[in-house]
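S.K.: Dumping the structure here so I can ask a few things about it.
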Amino acid sequence: MNEASVTAYLDRIGMPRPDRAADAEYLRLLHGRHLHAVPFENLSIHLGEDVPLDEDALFEKIVTRRRGGYCYELNGIFAALLRALGYRVSLLAVRVYGGKERGFGAPFDHLALRVDLDEPWLVDVGFGRHTEFPLRLDERGGQKDPGGVFRIEETSEGDLDVYRDGTPEYRIEQRPRELADFTIGHGFQRYSPTSHFTRSPFCTILTDTGMITLAGRRLITTTRGGVRSEDELEDDAQILAAYSTYFGLTLDRVPEHS
């Protein structure tokens with residue numbers, strides 16, 4: 001990522017360039033601003049768009065076209081930005097917890113990042129409802145965040161389990177990976193009828209008071225305290241206006257249900 005690309009990316013998320021060497025405080029600010037500026041969404045699937053897992057395609061979508069994406073896309077391009085800013089970044093394969101009956105999902109279910117400074121950090125701007133700020137990967141006590149209280153435990157196999165308010169979120173394999181390693185997982189999420197992402201279009205973003213989500217025609221507002229309100233949008237014009245107003249997305253048509 002060149003200097004012009006870094007400038008454009010920082011403008012996309014409303015962040016100034018750091019006035020010193022990249023550090024934990026600037027990483028925290030980047031993480032929070034990214035979640036407030038770039039939505040977590042699966043709209044490309046329902047618009048028939050192909051988004052290959054390469055830096056140029058991801059930059060064009062998320063920065064140039066000012067769209068969002070999901071884990072492989074968001075964390076994939078965020079890793080490129082962090083590296084350009086001088087951070088040491090590793091891509092990590094993650095298995096998402098699906099409840100007691102399903103347990104942890106398949107390897108490469110999700111992509112998260114490890115950033116090594118004086119201490120290791122878990123960085124994840126592509127999981128939807130999760131932390132607002134990075135977590136210390138070497139901390140085993142509770143870590144308070146606007147998204148809840150998070151705890152990380154090491155498994156007997158050397159993986160790391162992440163808990164949110166006492167419930168498992170996902171399991172991290174600590175071996176560093178390359179973005180190309182996630183191609184099969186990306187294909188599954190895009191095309192499998194059993195994928196959560198192929199079932200219906202959704203778009204969600206962090207706000208100062210909680211989260212706002214557009215799931216199909218339902219506009220859902222959730223406060224930090226968990227109070228939820230829901231409105232059914234009546235027509236395509238209202239849906240397109242909602243994408244623009246709440247998520248900053250300019251679409252020429254409404255994403256279709258699969």
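Identifiers for the structure tokens are assigned positionally: chains receive A, B, ... in sequence, residues are indexed from 1 per chain, and ligands are indexed from 1 in the order shown.
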Go through range 117-145 of chain A residue by residue and, counting only C-alpha atoms, keep those with an atom at most 12 Å from range 85-104 of chain A; for each kept residue give the shortest atom pair and its distance in Å to one decimal, ordered by chain and increasing number, as a Markdown table.
M.R.:
| residue | atom | partner | partner_atom | distance |
| --- | --- | --- | --- | --- |
| A:Leu117 | CA | A:Arg88 | CA | 7.3 |
| A:Asp118 | CA | A:Arg88 | CA | 10.8 |
| A:Glu119 | CA | A:Arg88 | CA | 11.2 |
| A:Pro120 | CA | A:Arg88 | CA | 9.8 |
| A:Trp121 | CA | A:Val89 | CA | 9.6 |
| A:Leu122 | CA | A:Leu92 | CA | 9.7 |
| A:Val123 | CA | A:Val89 | CA | 9.4 |
| A:Asp124 | CA | A:Leu92 | CA | 10.3 |
| A:Gly126 | CA | A:Val94 | CA | 11.9 |
| A:Phe127 | CA | A:Val96 | CA | 9.9 |
S.K.: What parts of range 55-254 of chain A does DSSP call alpha helix (DSSP H)? I'd like the answer as a VMD selection string.
M.R.: chain A and resid 55 to 59 71 to 84 183 to 191 196 to 199 236 to 247
S.K.: List the spatial neighbours of Ala242 in chain A as a ChimeraX atom specification - criterion: any atom at most 10 Å away, only C-alpha atoms, same-chain residues fewer than 3 positions off excluded.
M.R.: /A:213-214,217,219,233,236-239,245-250
S.K.: So that I have them on file, write out the residues from the current selection with N, CA, C and O atoms, as a tab-separated table (two decimals), in the first residue's frame.
M.R.:
chain	number	residue	atom	x	y	z
A	213	THR	N	-28.64	-1.72	12.32
A	213	THR	CA	-28.57	-2.83	11.38
A	213	THR	C	-29.73	-2.75	10.40
A	213	THR	O	-30.86	-2.45	10.80
A	214	LEU	N	-29.45	-3.02	9.14
A	214	LEU	CA	-30.50	-3.19	8.14
A	214	LEU	C	-30.44	-4.64	7.67
A	214	LEU	O	-29.48	-5.06	7.02
A	217	ARG	N	-35.50	-5.85	4.97
A	217	ARG	CA	-36.27	-4.61	5.05
A	217	ARG	C	-36.41	-4.10	6.48
A	217	ARG	O	-37.08	-3.10	6.72
A	219	LEU	N	-35.11	-2.34	9.74
A	219	LEU	CA	-34.11	-1.42	10.28
A	219	LEU	C	-34.13	-1.56	11.80
A	219	LEU	O	-35.13	-1.26	12.45
A	233	LEU	N	-39.27	-1.29	6.65
A	233	LEU	CA	-39.25	-0.32	5.56
A	233	LEU	C	-40.20	-0.78	4.46
A	233	LEU	O	-40.26	-1.96	4.12
A	236	ASP	N	-38.50	-0.04	-1.91
A	236	ASP	CA	-37.09	0.01	-2.29
A	236	ASP	C	-36.48	1.38	-2.06
A	236	ASP	O	-35.31	1.49	-1.69
A	237	ALA	N	-37.26	2.43	-2.30
A	237	ALA	CA	-36.73	3.78	-2.11
A	237	ALA	C	-36.32	4.01	-0.66
A	237	ALA	O	-35.27	4.61	-0.38
A	238	GLN	N	-37.12	3.54	0.27
A	238	GLN	CA	-36.78	3.68	1.69
A	238	GLN	C	-35.54	2.86	2.04
A	238	GLN	O	-34.71	3.29	2.84
A	239	ILE	N	-35.43	1.68	1.46
A	239	ILE	CA	-34.27	0.82	1.74
A	239	ILE	C	-32.99	1.47	1.24
A	239	ILE	O	-31.98	1.56	1.96
A	245	THR	N	-28.24	6.86	4.37
A	245	THR	CA	-28.31	7.68	5.58
A	245	THR	C	-27.54	7.09	6.75
A	245	THR	O	-26.79	7.79	7.43
A	246	TYR	N	-27.71	5.79	6.98
A	246	TYR	CA	-27.15	5.18	8.19
A	246	TYR	C	-25.79	4.53	7.99
A	246	TYR	O	-25.03	4.37	8.95
A	247	PHE	N	-25.47	4.16	6.74
A	247	PHE	CA	-24.23	3.42	6.51
A	247	PHE	C	-23.30	4.08	5.49
A	247	PHE	O	-22.21	3.59	5.26
A	248	GLY	N	-23.75	5.17	4.89
A	248	GLY	CA	-22.93	5.87	3.91
A	248	GLY	C	-22.73	5.11	2.62
A	248	GLY	O	-21.75	5.33	1.90
A	249	LEU	N	-23.65	4.20	2.28
A	249	LEU	CA	-23.53	3.37	1.09
A	249	LEU	C	-24.45	3.88	-0.01
A	249	LEU	O	-25.64	4.07	0.20
A	250	THR	N	-23.89	4.07	-1.19
A	250	THR	CA	-24.67	4.47	-2.36
A	250	THR	C	-24.85	3.27	-3.25
A	250	THR	O	-23.89	2.78	-3.87
S.K.: Have a look at A:Val115, A:Leu240, A:Val254, A:Ile184 and name the one nearest to Pro52 in chain A; count only C-alpha atoms.
M.R.: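 Of all the options, A:Ile184 lies closest to Pro52 in chain A.
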S.K.: Write down as number ranges by chain the residues belonging to range 64-191 of chain A that are assigned strand (DSSP E) by DSSP computed on the backbone.
M.R.: A: 88-96, 110-116, 120-123, 135-136, 143-145, 148-154, 160-164, 167-177
S.K.: Record the distance separating CA of Arg151 in chain A and CA of His31 in chain A, expressed in Å with one decimal.
M.R.: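 So the answer is 18.6 Å.
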S.K.: Taking only C-alpha atoms into account, which of A:Gly142, A:Pro39, A:Pro193, A:Pro255 comes nearest Gly216 in chain A?
M.R.: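 Answer, going by the shortest atom-to-atom distance: A:Pro255.
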S.K.: With only C-alpha atoms as the atoms that count, which of A:Ile45, A:Ile13, A:Val38, A:Val227 lies nearest to Thr198 in chain A?
M.R.: A:Ile45
S.K.: Need the shell around range 74-78 of chain A: protein/DNA/RNA residues with any atom at most 10 Å away, counting only C-alpha atoms. Skip same-chain ones fewer than 6 positions apart. Format as a PyMOL selection string?
M.R.: chain A and resi 1+9+30-31+34-35+38-41+53-59+62-63+68+84+89+91+110-113+123-127+178-179+182
S.K.: To one decimal place in Å, what is the distance between CA of Glu49 in chain A and CA of Ser200 in chain A?
M.R.: 14.8 Å
S.K.: How many Å lie between CA of Thr183 in chain A and CA of Asp159 in chain A, rounded to one decimal?
M.R.: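 Going from CA of Thr183 in chain A over to CA of Asp159 in chain A, I get 21.7 Å.
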S.K.: Which one is closest to Leu82 in chain A: A:Asp116, A:Glu169, A:Asp50, A:Asp109? Count only C-alpha atoms.
M.R.: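 For Leu82 in chain A, the nearest of the candidates is A:Asp116.
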